[in-house]
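Here is the file work-v5.cif (mmCIF, C-alpha atoms).
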data_my_file
#
loop_
_atom_site.label_atom_id
_atom_site.label_comp_id
_atom_site.auth_asym_id
_atom_site.auth_seq_id
_atom_site.Cartn_x
_atom_site.Cartn_y
_atom_site.Cartn_z
CA MET A 1 20.22 -29.50 0.34
CA ASN A 2 22.07 -26.46 -0.95
CA GLN A 3 19.68 -24.02 -2.65
CA ALA A 4 22.27 -21.23 -2.81
CA ARG A 5 23.37 -22.10 -6.36
CA ALA A 6 23.95 -19.14 -8.64
CA THR A 7 22.68 -21.01 -11.68
CA THR A 8 19.52 -20.23 -13.57
CA THR A 9 17.08 -23.10 -13.17
CA THR A 10 13.81 -23.72 -14.96
CA VAL A 11 11.27 -25.76 -13.03
CA SER A 12 10.37 -28.95 -14.86
CA LYS A 13 7.07 -28.86 -16.71
CA ALA A 14 6.42 -32.33 -15.33
CA ALA A 15 6.29 -30.78 -11.85
CA ARG A 16 3.33 -28.54 -12.68
CA SER A 17 0.59 -30.82 -11.35
CA PRO A 18 -0.58 -31.60 -8.75
CA PRO A 19 0.03 -28.33 -6.84
CA TYR A 20 2.56 -29.50 -4.28
CA LEU A 21 4.78 -31.68 -6.49
CA TYR A 22 7.58 -29.28 -7.35
CA GLY A 23 11.33 -29.52 -7.03
CA TRP A 24 11.59 -28.56 -3.34
CA SER A 25 11.70 -31.11 -0.55
CA THR A 26 8.38 -31.52 1.26
CA HIS A 27 10.09 -31.58 4.66
CA MET A 28 11.11 -27.94 4.11
CA THR A 29 7.47 -26.88 4.14
CA ALA A 30 6.95 -28.77 7.39
CA MET A 31 9.84 -26.79 8.83
CA ASN A 32 8.06 -23.60 7.66
CA VAL A 33 10.72 -22.93 5.05
CA THR A 34 7.96 -22.46 2.50
CA PRO A 35 8.90 -22.35 -1.18
CA VAL A 36 7.75 -19.03 -2.59
CA THR A 37 7.57 -17.47 -6.04
CA VAL A 38 7.91 -13.72 -6.63
CA ILE A 39 6.65 -12.39 -9.95
CA GLY A 40 7.72 -8.87 -10.90
CA LEU A 41 11.21 -7.61 -10.09
CA GLY A 42 10.94 -3.86 -9.89
CA SER A 43 12.49 -2.23 -6.85
CA MET A 44 9.75 -3.51 -4.52
CA GLY A 45 9.53 -7.00 -6.03
CA THR A 46 13.29 -7.37 -5.79
CA ALA A 47 13.17 -6.35 -2.12
CA LEU A 48 10.47 -8.95 -1.45
CA ALA A 49 12.48 -11.71 -3.11
CA GLU A 50 15.66 -10.68 -1.27
CA ALA A 51 13.85 -10.89 2.06
CA PHE A 52 12.74 -14.46 1.38
CA VAL A 53 16.15 -15.57 0.13
CA LYS A 54 17.96 -14.07 3.12
CA VAL A 55 15.98 -16.15 5.63
CA GLY A 56 16.26 -19.35 3.62
CA HIS A 57 12.95 -19.70 1.82
CA PRO A 58 13.48 -21.49 -1.53
CA THR A 59 12.64 -18.59 -3.83
CA THR A 60 11.75 -18.68 -7.51
CA VAL A 61 11.59 -15.40 -9.41
CA TRP A 62 10.23 -14.30 -12.77
CA ASN A 63 10.32 -11.03 -14.65
CA ARG A 64 9.68 -10.07 -18.26
CA THR A 65 13.20 -8.62 -18.36
CA ALA A 66 15.24 -11.64 -17.32
CA ALA A 67 18.37 -9.60 -16.53
CA LYS A 68 16.69 -8.11 -13.46
CA ALA A 69 16.88 -11.52 -11.81
CA ALA A 70 20.68 -11.73 -11.97
CA PRO A 71 21.45 -10.23 -8.52
CA LEU A 72 18.84 -12.49 -6.93
CA ILE A 73 20.29 -15.55 -8.65
CA ASP A 74 23.66 -14.62 -7.19
CA MET A 75 22.00 -14.59 -3.76
CA GLY A 76 20.54 -18.08 -4.29
CA ALA A 77 17.17 -17.55 -5.96
CA ARG A 78 16.07 -19.62 -8.94
CA ARG A 79 14.84 -17.96 -12.13
CA ALA A 80 11.93 -19.47 -14.00
CA GLU A 81 12.20 -18.87 -17.72
CA ALA A 82 8.43 -19.11 -18.26
CA ILE A 83 5.59 -17.72 -16.18
CA GLU A 84 4.07 -21.21 -16.04
CA ASP A 85 7.24 -22.53 -14.42
CA ALA A 86 7.23 -19.68 -11.92
CA VAL A 87 3.67 -20.45 -10.84
CA THR A 88 4.21 -24.19 -10.52
CA ALA A 89 7.42 -23.78 -8.52
CA SER A 90 5.73 -22.90 -5.22
CA PRO A 91 2.51 -23.23 -3.24
CA LEU A 92 2.75 -19.48 -2.49
CA VAL A 93 2.87 -17.12 -5.46
CA ILE A 94 3.42 -13.41 -4.78
CA THR A 95 3.02 -10.85 -7.54
CA CYS A 96 4.45 -7.34 -7.38
CA LEU A 97 3.46 -5.65 -10.62
CA THR A 98 2.16 -2.14 -11.18
CA THR A 99 -1.60 -2.72 -11.38
CA PHE A 100 -4.18 -5.48 -11.01
CA GLN A 101 -4.59 -5.45 -14.78
CA ASP A 102 -0.84 -6.00 -15.22
CA THR A 103 -1.02 -8.86 -12.73
CA ARG A 104 -3.82 -10.64 -14.60
CA ALA A 105 -2.08 -10.09 -17.93
CA ALA A 106 1.19 -11.58 -16.67
CA LEU A 107 -0.50 -14.58 -15.08
CA ARG A 108 -2.94 -15.32 -17.91
CA PRO A 109 -0.66 -17.85 -19.70
CA ALA A 110 -0.30 -19.71 -16.40
CA GLY A 111 -3.97 -19.55 -15.41
CA ALA A 112 -4.43 -23.31 -15.69
CA TRP A 113 -1.60 -23.88 -13.20
CA LEU A 114 -2.94 -21.62 -10.45
CA ARG A 115 -5.35 -24.23 -9.12
CA GLY A 116 -4.69 -25.01 -5.47
CA ARG A 117 -2.04 -22.36 -5.05
CA ALA A 118 -2.15 -19.28 -2.85
CA LEU A 119 -1.95 -16.12 -4.94
CA VAL A 120 -0.99 -12.92 -3.11
CA THR A 121 -1.02 -9.63 -5.02
CA LEU A 122 1.12 -6.76 -3.75
CA ASN A 123 0.36 -4.14 -6.38
CA SER A 124 -1.40 -0.80 -6.42
CA GLY A 125 -4.94 -0.39 -7.67
CA SER A 126 -8.53 0.35 -6.81
CA PRO A 127 -10.93 -1.79 -4.76
CA ALA A 128 -12.76 -2.56 -8.01
CA GLY A 129 -9.53 -3.89 -9.50
CA ALA A 130 -8.98 -6.09 -6.45
CA ARG A 131 -12.50 -7.52 -6.70
CA GLU A 132 -12.07 -8.24 -10.40
CA THR A 133 -8.74 -9.94 -9.79
CA ALA A 134 -10.16 -11.99 -6.92
CA VAL A 135 -12.94 -13.30 -9.16
CA TRP A 136 -10.42 -14.08 -11.91
CA ALA A 137 -8.09 -15.91 -9.53
CA ILE A 138 -10.83 -17.92 -7.84
CA ASP A 139 -12.28 -18.86 -11.23
CA HIS A 140 -8.86 -20.36 -11.98
CA GLY A 141 -8.89 -22.32 -8.72
CA ALA A 142 -6.46 -20.12 -6.80
CA ARG A 143 -6.80 -19.10 -3.16
CA PHE A 144 -6.57 -15.32 -3.13
CA LEU A 145 -5.18 -12.56 -0.95
CA ALA A 146 -4.72 -8.94 -1.97
CA GLY A 147 -2.12 -7.01 -0.03
CA ALA A 148 -0.23 -3.76 0.27
CA VAL A 149 3.26 -2.83 1.47
CA LYS A 150 3.00 0.44 3.37
CA ASN A 151 6.63 1.42 3.18
CA VAL A 152 9.55 1.84 0.79
CA PRO A 153 11.53 -1.14 -0.63
CA SER A 154 14.47 -0.59 1.72
CA ALA A 155 12.14 -1.16 4.70
CA VAL A 156 10.99 -4.61 3.55
CA GLY A 157 11.84 -7.19 6.21
CA ALA A 158 12.02 -4.76 9.12
CA PRO A 159 10.03 -5.57 12.29
CA GLU A 160 8.06 -2.32 12.12
CA THR A 161 7.21 -2.48 8.41
CA LEU A 162 3.46 -2.64 7.81
CA LEU A 163 1.77 -4.91 5.30
CA TYR A 164 -1.92 -5.59 5.26
CA TYR A 165 -3.93 -8.20 3.44
CA SER A 166 -7.54 -9.02 2.68
CA GLY A 167 -9.28 -12.03 1.23
CA ASP A 168 -9.15 -15.71 2.14
CA LYS A 169 -8.28 -15.75 5.85
CA ALA A 170 -7.33 -19.43 5.71
CA VAL A 171 -4.56 -18.50 3.26
CA PHE A 172 -3.36 -15.73 5.56
CA GLU A 173 -3.29 -18.04 8.57
CA GLU A 174 -1.49 -20.79 6.66
CA PHE A 175 1.26 -18.50 5.35
CA GLU A 176 1.31 -15.81 8.05
CA THR A 177 4.76 -16.72 9.32
CA THR A 178 6.14 -16.67 5.79
CA LEU A 179 4.47 -13.35 4.99
CA LYS A 180 5.89 -11.81 8.16
CA VAL A 181 9.34 -12.16 6.60
CA LEU A 182 8.35 -9.10 4.57
CA GLY A 183 7.44 -7.00 7.60
CA GLY A 184 6.75 -7.63 11.25
CA ASP A 185 3.57 -5.55 11.35
CA THR A 186 1.40 -7.88 9.26
CA VAL A 187 -2.40 -7.56 9.45
CA HIS A 188 -5.41 -9.34 7.95
CA LEU A 189 -8.19 -6.79 7.43
CA GLY A 190 -11.05 -9.13 6.57
CA ASP A 191 -12.39 -11.64 4.09
CA GLU A 192 -13.49 -9.05 1.54
CA ALA A 193 -10.80 -9.13 -1.14
CA ASP A 194 -10.94 -5.39 -1.78
CA LEU A 195 -10.25 -4.15 1.76
CA ALA A 196 -6.48 -3.94 1.36
CA ALA A 197 -6.90 -1.85 -1.80
CA LEU A 198 -9.43 0.37 -0.04
CA TYR A 199 -7.09 1.06 2.87
CA GLU A 200 -4.14 1.38 0.49
CA MET A 201 -5.87 4.25 -1.30
CA ALA A 202 -7.43 5.76 1.84
CA VAL A 203 -4.11 5.94 3.67
CA GLY A 204 -2.10 6.70 0.54
CA ALA A 205 -4.20 9.80 -0.13
CA MET A 206 -2.09 11.60 2.49
CA LEU A 207 1.22 11.05 0.74
CA LEU A 208 1.29 13.47 -2.20
CA PRO A 209 -0.17 16.48 -0.33
CA ALA A 210 2.31 15.95 2.50
CA LEU A 211 5.27 15.64 0.14
CA VAL A 212 4.27 18.62 -2.00
CA GLY A 213 3.87 20.65 1.19
CA PHE A 214 7.44 19.74 2.13
CA PHE A 215 8.67 20.58 -1.37
CA GLN A 216 6.93 23.97 -1.21
CA GLY A 217 8.63 24.65 2.11
CA ALA A 218 11.95 23.54 0.65
CA ALA A 219 11.60 25.99 -2.25
CA ALA A 220 10.70 28.82 0.16
CA VAL A 221 13.70 28.13 2.39
CA GLN A 222 16.02 28.01 -0.63
CA ALA A 223 14.60 31.33 -1.80
CA ARG A 224 16.23 32.83 1.30
CA GLY A 225 19.55 31.17 0.51
CA LEU A 226 19.14 28.52 3.21
CA GLU A 227 19.65 24.76 2.92
CA VAL A 228 16.63 22.48 2.98
CA ASN A 229 18.25 20.16 5.52
CA THR A 230 17.89 22.95 8.11
CA MET A 231 14.11 22.43 8.14
CA VAL A 232 14.04 18.63 8.28
CA ARG A 233 14.00 18.38 12.09
CA PHE A 234 11.19 20.89 12.34
CA ALA A 235 9.18 19.22 9.57
CA GLY A 236 9.54 15.92 11.40
CA LYS A 237 8.19 17.45 14.61
CA TRP A 238 5.28 18.89 12.62
CA LEU A 239 4.46 15.46 11.21
CA ASP A 240 4.59 14.03 14.73
CA MET A 241 2.05 16.64 15.81
CA ILE A 242 -0.22 15.78 12.88
CA LYS A 243 0.07 12.10 13.76
CA SER A 244 -1.03 12.85 17.33
CA LEU A 245 -4.18 14.54 16.01
CA LEU A 246 -5.34 11.64 13.84
CA PRO A 247 -7.08 9.68 16.65
CA ILE A 248 -8.88 12.87 17.72
CA TYR A 249 -10.08 13.62 14.21
CA ALA A 250 -11.07 9.98 13.64
CA LYS A 251 -13.23 10.09 16.80
CA GLU A 252 -14.88 13.33 15.64
CA ILE A 253 -15.61 11.91 12.20
CA ASP A 254 -16.88 8.53 13.47
CA GLY A 255 -19.10 10.26 16.02
CA GLY A 256 -20.23 13.05 13.73
CA ASP A 257 -19.43 15.61 16.44
CA TYR A 258 -17.18 18.45 15.25
CA THR A 259 -18.08 20.99 17.92
CA ASP A 260 -14.86 20.72 19.97
CA ALA A 261 -12.95 22.84 17.48
CA ALA A 262 -9.35 23.16 18.65
CA SER A 263 -8.63 24.18 15.04
CA SER A 264 -11.70 25.46 13.25
CA VAL A 265 -12.45 25.64 9.56
CA ASN A 266 -12.43 29.46 9.87
CA LEU A 267 -8.90 29.34 11.27
CA PHE A 268 -7.67 27.44 8.22
CA LEU A 269 -9.44 29.87 5.91
CA ALA A 270 -7.65 32.80 7.55
CA ALA A 271 -4.33 31.01 7.08
CA ALA A 272 -4.87 30.85 3.31
CA ALA A 273 -3.87 34.51 3.06
CA HIS A 274 -0.47 33.69 4.56
CA ASP A 275 0.19 31.24 1.73
CA GLU A 276 -0.52 34.00 -0.77
CA ASP A 277 1.92 36.32 1.04
CA LEU A 278 4.61 33.62 1.00
CA ALA A 279 4.13 33.08 -2.73
CA ARG A 280 4.67 36.77 -3.44
CA GLU A 281 7.72 37.08 -1.19
CA THR A 282 9.56 33.93 -2.29
CA ASN A 283 8.31 33.61 -5.86
CA VAL A 284 7.29 30.04 -5.07
CA ASP A 285 4.32 28.65 -6.95
CA THR A 286 1.61 27.76 -4.42
CA ALA A 287 -1.15 27.23 -7.00
CA TRP A 288 -1.46 23.57 -5.95
CA LEU A 289 -3.02 24.82 -2.72
CA GLY A 290 -5.86 26.51 -4.61
CA PRO A 291 -8.23 23.51 -4.60
CA LEU A 292 -7.57 22.98 -0.88
CA HIS A 293 -8.37 26.60 -0.12
CA ASP A 294 -11.51 26.28 -2.25
CA LEU A 295 -12.54 23.25 -0.19
CA VAL A 296 -12.15 25.25 3.03
CA ARG A 297 -14.16 28.17 1.60
CA GLN A 298 -16.87 25.72 0.52
CA ALA A 299 -17.05 24.40 4.07
CA VAL A 300 -17.40 27.91 5.50
CA GLU A 301 -20.12 28.75 2.98
CA ALA A 302 -21.95 25.56 3.96
CA GLY A 303 -21.97 26.65 7.60
CA TYR A 304 -19.10 24.60 9.02
CA GLY A 305 -16.82 27.58 9.79
CA ASP A 306 -16.94 27.34 13.60
CA LEU A 307 -16.59 23.55 13.62
CA SER A 308 -13.43 21.45 13.71
CA ILE A 309 -11.38 21.24 10.52
CA SER A 310 -12.25 17.53 10.45
CA ALA A 311 -15.74 18.65 9.33
CA LEU A 312 -14.22 18.92 5.85
CA THR A 313 -15.03 15.21 5.71
CA GLU A 314 -18.68 16.19 5.41
CA VAL A 315 -17.91 18.42 2.43
CA LEU A 316 -15.93 15.64 0.80
CA ARG A 317 -18.86 13.24 1.01
CA SER A 318 -21.32 13.11 -1.84
CA ARG A 319 -24.16 15.60 -1.38
CA ARG A 320 -26.57 12.74 -0.86
CA ASP A 321 -24.67 11.47 2.18
CA SER A 322 -23.42 14.71 3.74
CA ARG A 323 -24.93 16.02 6.94
CA LYS A 324 -25.86 19.64 7.60
CA PRO A 325 -24.00 21.62 10.31
CA ALA A 326 -27.17 21.83 12.42
CA GLN A 327 -27.52 18.06 12.36
CA LEU A 328 -23.92 17.61 13.47
CA ILE A 329 -24.20 20.12 16.32
CA GLY A 330 -27.45 18.56 17.44
CA ARG A 331 -25.86 15.14 17.75
CA SER A 332 -23.44 16.39 20.40
CA ARG A 333 -26.14 17.63 22.73
#

Could you take the file, read its structure, and then write that structure out as structure tokens?
Amino acid sequence: MNQARATTTTVSKAARSPPYLYGWSTHMTAMNVTPVTVIGLGSMGTALAEAFVKVGHPTTVWNRTAAKAAPLIDMGARRAEAIEDAVTASPLVITCLTTFQDTRAALRPAGAWLRGRALVTLNSGSPAGARETAVWAIDHGARFLAGAVKNVPSAVGAPETLLYYSGDKAVFEEFETTLKVLGGDTVHLGDEADLAALYEMAVGAMLLPALVGFFQGAAAVQARGLEVNTMVRFAGKWLDMIKSLLPIYAKEIDGGDYTDAASSVNLFLAAAAHDEDLARETNVDTAWLGPLHDLVRQAVEAGYGDLSISALTEVLRSRRDSRKPAQLIGRSR
């Protein structure tokens, strides 16, 4: 069976029910060459579809702008003209749209055809959006997983690329080998459908501050007539150091013991003045750091100054849940 045709094929409407009667040979599923549908062909969705096509999974694609499918068709994918045809083409349907709301909107015309199929969402969004989408999918008879790709599109398919999922574990176990085509570091977080979105946002919170910090440094270096690439090696080493601290800070936060302050809140407050000096000397706008400096000052005013910088977690909690410095120190004795 040669599925590498470069023609655009619409899945027959007669193949829409029951779930596993579509145009692909059933022996291919037994060989773990699972037919898969990818809905949404932005840069990430295209990378997902390419990964499946490259290893031989019969891949159906759909996008509102049909022209985006052309390169994938040249590689051997099939384009479904209608969203209903895309859903009925495969037992595994993967969406890669911008938000959970966008996902539901795109799939709504095909809601009746989701029954019995595994629906995996790989979009951004809040835990609440994941829960709402899970309810919607299950109400339509789908088996649901929410997931997240923790890397850039060019990294899709690499052994070290991380993807995590949450929701129906039976779906994850059934399609785990297929999903690992997208990244070798593939994890199921739990049966709660919103866990992947929770971790997506919790981990993703680090991205913008880290990037803006690099961009600030780049502007400062350029202000001296130097090239930004001269600081890349040093910035990488700095990120490695930060990475090495994460397990230490996680232990402090989980245990509520911030007394072993290798880097105290007071130390970070003192460093705020250096940022102001840099701004004056280089004419670089460091105003984005203002809220971070305010957070540090708030921690000092609350009595956390001599404790580890990870005690900022207590300030970030709601007032109802935060613990006083005396309580935290007492726990370590």

Compare A:Asn63, A:Thr99, A:Thr259, A:Thr286 by their minimum atom-to-atom distance to Phe214 in chain A, counting all atoms listed in the file, and give me the closest one.
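Smallest separation from Phe214 in chain A among the options: A:Thr286.
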
List the neighbours of Ile248 in chain A out to 12 Å using all atoms listed in the file; skip same-chain residues closer than 2 positions along the sequence, and give me the result as JSON, numbers by chain.
{"A": [241, 242, 243, 244, 245, 246, 250, 251, 252, 253, 254, 255, 257, 258, 260, 261, 262, 263, 308, 309, 310]}

Compile the contact shell of range 265-274 of chain A as an MDAnalysis selection string: residues with an atom at most 7 Å away, counting all atoms listed in the file, same-chain residues fewer than 6 positions apart removed.
chainID A and resid 293 296:297 300 304:309

Go ahead and dump the residues you just picked, C-alpha atoms, as a PDB file, in the frame of the given file.
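This went into part-v8.pdb:
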ATOM      1  CA  HIS A 293      -8.370  26.600  -0.120  1.00  0.00           C
ATOM      2  CA  VAL A 296     -12.150  25.250   3.030  1.00  0.00           C
ATOM      3  CA  ARG A 297     -14.160  28.170   1.600  1.00  0.00           C
ATOM      4  CA  VAL A 300     -17.400  27.910   5.500  1.00  0.00           C
ATOM      5  CA  TYR A 304     -19.100  24.600   9.020  1.00  0.00           C
ATOM      6  CA  GLY A 305     -16.820  27.580   9.790  1.00  0.00           C
ATOM      7  CA  ASP A 306     -16.940  27.340  13.600  1.00  0.00           C
ATOM      8  CA  LEU A 307     -16.590  23.550  13.620  1.00  0.00           C
ATOM      9  CA  SER A 308     -13.430  21.450  13.710  1.00  0.00           C
ATOM     10  CA  ILE A 309     -11.380  21.240  10.520  1.00  0.00           C
TER      11      ILE A 309
END

Please provide the set of residues having any atom within 12 Å of Glu174 in chain A, restricted to only C-alpha atoms, with same-chain residues fewer than 4 positions apart removed, written as number ranges by chain.
A: 29-30, 32, 34, 91-92, 117-118, 143, 145, 168-170, 178-180

Can I get the selection written as a JSON list (two decimals), in the coordinates of the input, with C-alpha atoms?
[["chain", "number", "residue", "atom", "x", "y", "z"],
["A", 29, "THR", "CA", 7.47, -26.88, 4.14],
["A", 30, "ALA", "CA", 6.95, -28.77, 7.39],
["A", 32, "ASN", "CA", 8.06, -23.60, 7.66],
["A", 34, "THR", "CA", 7.96, -22.46, 2.50],
["A", 91, "PRO", "CA", 2.51, -23.23, -3.24],
["A", 92, "LEU", "CA", 2.75, -19.48, -2.49],
["A", 117, "ARG", "CA", -2.04, -22.36, -5.05],
["A", 118, "ALA", "CA", -2.15, -19.28, -2.85],
["A", 143, "ARG", "CA", -6.80, -19.10, -3.16],
["A", 145, "LEU", "CA", -5.18, -12.56, -0.95],
["A", 168, "ASP", "CA", -9.15, -15.71, 2.14],
["A", 169, "LYS", "CA", -8.28, -15.75, 5.85],
["A", 170, "ALA", "CA", -7.33, -19.43, 5.71],
["A", 178, "THR", "CA", 6.14, -16.67, 5.79],
["A", 179, "LEU", "CA", 4.47, -13.35, 4.99],
["A", 180, "LYS", "CA", 5.89, -11.81, 8.16]]

Selected residue of minimal separation from Leu97 in chain A among A:Ala302, A:Leu195, A:Ala148, A:Val203, counting all atoms listed in the file:
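So, comparing all the options, the nearest one is A:Ala148.
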
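Pairwise distance (CA of Pro153 in chain A, CA of Ala89 in chain A) equals 24.3 Å.
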
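Straight-line separation from CA of Thr59 in chain A to CA of Asp185 in chain A: 22.0 Å.
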
Set the distance at 9 Å and use only C-alpha atoms: which residues neighbour Glu50 in chain A once local chain neighbours fewer than 2 positions away are removed? I'd like the list as number ranges by chain.
A: 45-48, 52-55, 59, 72, 75, 77

For the provided coordinates, the residues matched by the PyMOL selection byres ((chain A and resi 115) around 10) should be stated as a ChimeraX atom specification.
/A:17-19,87-88,91,110-114,116-119,137-143
